[in-house]
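Below is one structure; the comments refer to it alone.
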Amino acid sequence: MMNPVNFQTVDWQIIPTEEHIGETGTSFWQTLQLGGLRIRLVEYSPGYMADHWCQKGHIVHCLEGEFISELEGKNDVLLTKGMTFVVSDNMSSHRSTSKNGVKLLIVDGDFLNGNESQ
């Protein structure tokens, strides 16, 4: 079971930004880690393509712009501002691309591994 999280606010302006180079383009992460819960503001530069296929679970909400979630062996999914996708660990192999750049809120952690009790 995930540890409880006390009420708190997050001032994203003071959270450091980490640069992650993609296969093409760059992503910029601001990360808040609360035990087994990770919350990130992520921006993809124009022309971004992730450098790996991911099997990790996420809740991904598109704040600005649009991106494609490529699903290995399935149709690609276009997500635009206001749209969200949700997937548990090991339920898909996916990677992100963005032609014009995008800003996302991404939540992931232990609660998506399928081993949490209901």
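By convention here, the chains of the structure tokens are called A, B, ... in the order presented, each chain's residues are numbered starting at 1, and ligands are numbered starting at 1 in the order presented.
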Next on the checklist: For Trp12 in chain A, find every residue with an atom within 9 Å (counting only C-alpha atoms), except residues of its own chain fewer than 3 positions away, and show them as an MDAnalysis selection string.
Outcome noted: chainID A and resid 15:16 30:31 41
Item to check | All strand (DSSP E or B) positions in chain A, as a ChimeraX atom specification | outcome: /A:17-21,24,26-34,37-44,48-49,54,58-71,77-80,84-87,94-98,102-109
Go ahead and write the selection's residues with C-alpha atoms as a PDB file, in the first residue's frame.
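Generated output (part-v5.pdb):
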ATOM      1  CA  THR A  17      14.611  21.096 -14.664  1.00  0.00           C
ATOM      2  CA  GLU A  18      16.451  18.031 -15.966  1.00  0.00           C
ATOM      3  CA  GLU A  19      17.278  17.653 -19.652  1.00  0.00           C
ATOM      4  CA  HIS A  20      16.784  14.247 -21.314  1.00  0.00           C
ATOM      5  CA  ILE A  21      17.977  13.772 -24.878  1.00  0.00           C
ATOM      6  CA  THR A  24      15.501  13.276 -31.744  1.00  0.00           C
ATOM      7  CA  THR A  26      14.907  16.915 -26.042  1.00  0.00           C
ATOM      8  CA  SER A  27      12.548  16.502 -23.095  1.00  0.00           C
ATOM      9  CA  PHE A  28      12.702  18.660 -19.985  1.00  0.00           C
ATOM     10  CA  TRP A  29      11.487  17.190 -16.679  1.00  0.00           C
ATOM     11  CA  GLN A  30      10.577  18.800 -13.393  1.00  0.00           C
ATOM     12  CA  THR A  31      10.090  15.971 -10.909  1.00  0.00           C
ATOM     13  CA  LEU A  32       8.448  15.714  -7.508  1.00  0.00           C
ATOM     14  CA  GLN A  33       9.124  12.350  -5.823  1.00  0.00           C
ATOM     15  CA  LEU A  34       6.893  11.404  -2.879  1.00  0.00           C
ATOM     16  CA  LEU A  37       4.642   8.402  -6.262  1.00  0.00           C
ATOM     17  CA  ARG A  38       6.299  10.492  -8.975  1.00  0.00           C
ATOM     18  CA  ILE A  39       4.713  13.639 -10.419  1.00  0.00           C
ATOM     19  CA  ARG A  40       6.379  15.402 -13.355  1.00  0.00           C
ATOM     20  CA  LEU A  41       5.865  18.412 -15.557  1.00  0.00           C
ATOM     21  CA  VAL A  42       7.436  17.394 -18.855  1.00  0.00           C
ATOM     22  CA  GLU A  43       7.990  19.406 -22.016  1.00  0.00           C
ATOM     23  CA  TYR A  44       9.020  17.904 -25.340  1.00  0.00           C
ATOM     24  CA  TYR A  48      10.953  15.092 -30.131  1.00  0.00           C
ATOM     25  CA  MET A  49      10.975  11.286 -30.276  1.00  0.00           C
ATOM     26  CA  CYS A  54       8.447   2.131 -22.298  1.00  0.00           C
ATOM     27  CA  HIS A  58       1.551   6.343 -16.392  1.00  0.00           C
ATOM     28  CA  ILE A  59      -1.256   8.821 -16.152  1.00  0.00           C
ATOM     29  CA  VAL A  60      -0.366  11.384 -18.828  1.00  0.00           C
ATOM     30  CA  HIS A  61      -2.377  14.592 -19.207  1.00  0.00           C
ATOM     31  CA  CYS A  62      -1.710  16.963 -22.111  1.00  0.00           C
ATOM     32  CA  LEU A  63      -1.573  20.554 -20.831  1.00  0.00           C
ATOM     33  CA  GLU A  64      -0.509  22.293 -24.053  1.00  0.00           C
ATOM     34  CA  GLY A  65       0.111  21.221 -27.631  1.00  0.00           C
ATOM     35  CA  GLU A  66      -0.207  17.648 -28.878  1.00  0.00           C
ATOM     36  CA  PHE A  67       1.773  14.448 -29.094  1.00  0.00           C
ATOM     37  CA  ILE A  68       1.505  10.944 -30.452  1.00  0.00           C
ATOM     38  CA  SER A  69       1.721   7.920 -28.207  1.00  0.00           C
ATOM     39  CA  GLU A  70       3.078   5.182 -30.437  1.00  0.00           C
ATOM     40  CA  LEU A  71       1.858   1.766 -29.319  1.00  0.00           C
ATOM     41  CA  VAL A  77      -2.860   7.589 -30.601  1.00  0.00           C
ATOM     42  CA  LEU A  78      -2.940  11.393 -30.974  1.00  0.00           C
ATOM     43  CA  LEU A  79      -3.468  13.256 -27.713  1.00  0.00           C
ATOM     44  CA  THR A  80      -4.242  16.971 -27.708  1.00  0.00           C
ATOM     45  CA  THR A  84      -5.324  12.010 -20.852  1.00  0.00           C
ATOM     46  CA  PHE A  85      -4.131   8.452 -21.220  1.00  0.00           C
ATOM     47  CA  VAL A  86      -3.866   5.895 -18.419  1.00  0.00           C
ATOM     48  CA  VAL A  87      -2.010   2.578 -18.483  1.00  0.00           C
ATOM     49  CA  HIS A  94       4.695   2.843 -25.878  1.00  0.00           C
ATOM     50  CA  ARG A  95       6.827   5.844 -26.794  1.00  0.00           C
ATOM     51  CA  SER A  96       6.065   9.503 -27.381  1.00  0.00           C
ATOM     52  CA  THR A  97       6.711  11.800 -30.317  1.00  0.00           C
ATOM     53  CA  SER A  98       5.811  15.439 -30.810  1.00  0.00           C
ATOM     54  CA  VAL A 102       4.035  19.625 -25.941  1.00  0.00           C
ATOM     55  CA  LYS A 103       3.665  20.190 -22.194  1.00  0.00           C
ATOM     56  CA  LEU A 104       2.471  17.245 -20.082  1.00  0.00           C
ATOM     57  CA  LEU A 105       1.632  16.396 -16.487  1.00  0.00           C
ATOM     58  CA  ILE A 106       2.728  12.803 -15.846  1.00  0.00           C
ATOM     59  CA  VAL A 107       1.909  10.806 -12.712  1.00  0.00           C
ATOM     60  CA  ASP A 108       3.286   7.346 -12.117  1.00  0.00           C
ATOM     61  CA  GLY A 109       4.432   5.102  -9.337  1.00  0.00           C
TER      62      GLY A 109
END
Item to check | Interatomic distance (Å, one decimal) between CA of Gly57 in chain A and CA of Leu112 in chain A | outcome: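 About the pair CA of Gly57 in chain A and CA of Leu112 in chain A: they are 5.6 Å apart.
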Next on the checklist: Please identify the helix (DSSP H, G or I) residues within chain A (assignment by DSSP from backbone atoms) and present them as a PyMOL selection string.
Outcome noted: chain A and resi 12-14+110-112
Write to file, as a PDB file, in the first residue's frame, the residues of the selection just made, with N, CA and C atoms.
ATOM      1  N   TRP A  12       6.022  24.836  -9.031  1.00  0.00           N
ATOM      2  CA  TRP A  12       6.847  24.253 -10.090  1.00  0.00           C
ATOM      3  C   TRP A  12       7.969  25.194 -10.515  1.00  0.00           C
ATOM      4  N   GLN A  13       7.841  26.489 -10.225  1.00  0.00           N
ATOM      5  CA  GLN A  13       8.887  27.443 -10.616  1.00  0.00           C
ATOM      6  C   GLN A  13      10.194  27.208  -9.862  1.00  0.00           C
ATOM      7  N   ILE A  14      10.129  26.518  -8.701  1.00  0.00           N
ATOM      8  CA  ILE A  14      11.363  26.276  -7.946  1.00  0.00           C
ATOM      9  C   ILE A  14      11.869  24.839  -8.072  1.00  0.00           C
ATOM     10  N   ASP A 110       4.160   3.337  -7.790  1.00  0.00           N
ATOM     11  CA  ASP A 110       3.851   1.983  -7.337  1.00  0.00           C
ATOM     12  C   ASP A 110       2.382   1.603  -7.520  1.00  0.00           C
ATOM     13  N   PHE A 111       1.469   2.567  -7.435  1.00  0.00           N
ATOM     14  CA  PHE A 111       0.049   2.265  -7.534  1.00  0.00           C
ATOM     15  C   PHE A 111      -0.347   1.729  -8.909  1.00  0.00           C
ATOM     16  N   LEU A 112       0.510   1.853  -9.914  1.00  0.00           N
ATOM     17  CA  LEU A 112       0.197   1.367 -11.254  1.00  0.00           C
ATOM     18  C   LEU A 112       0.836   0.012 -11.564  1.00  0.00           C
TER      19      LEU A 112
END
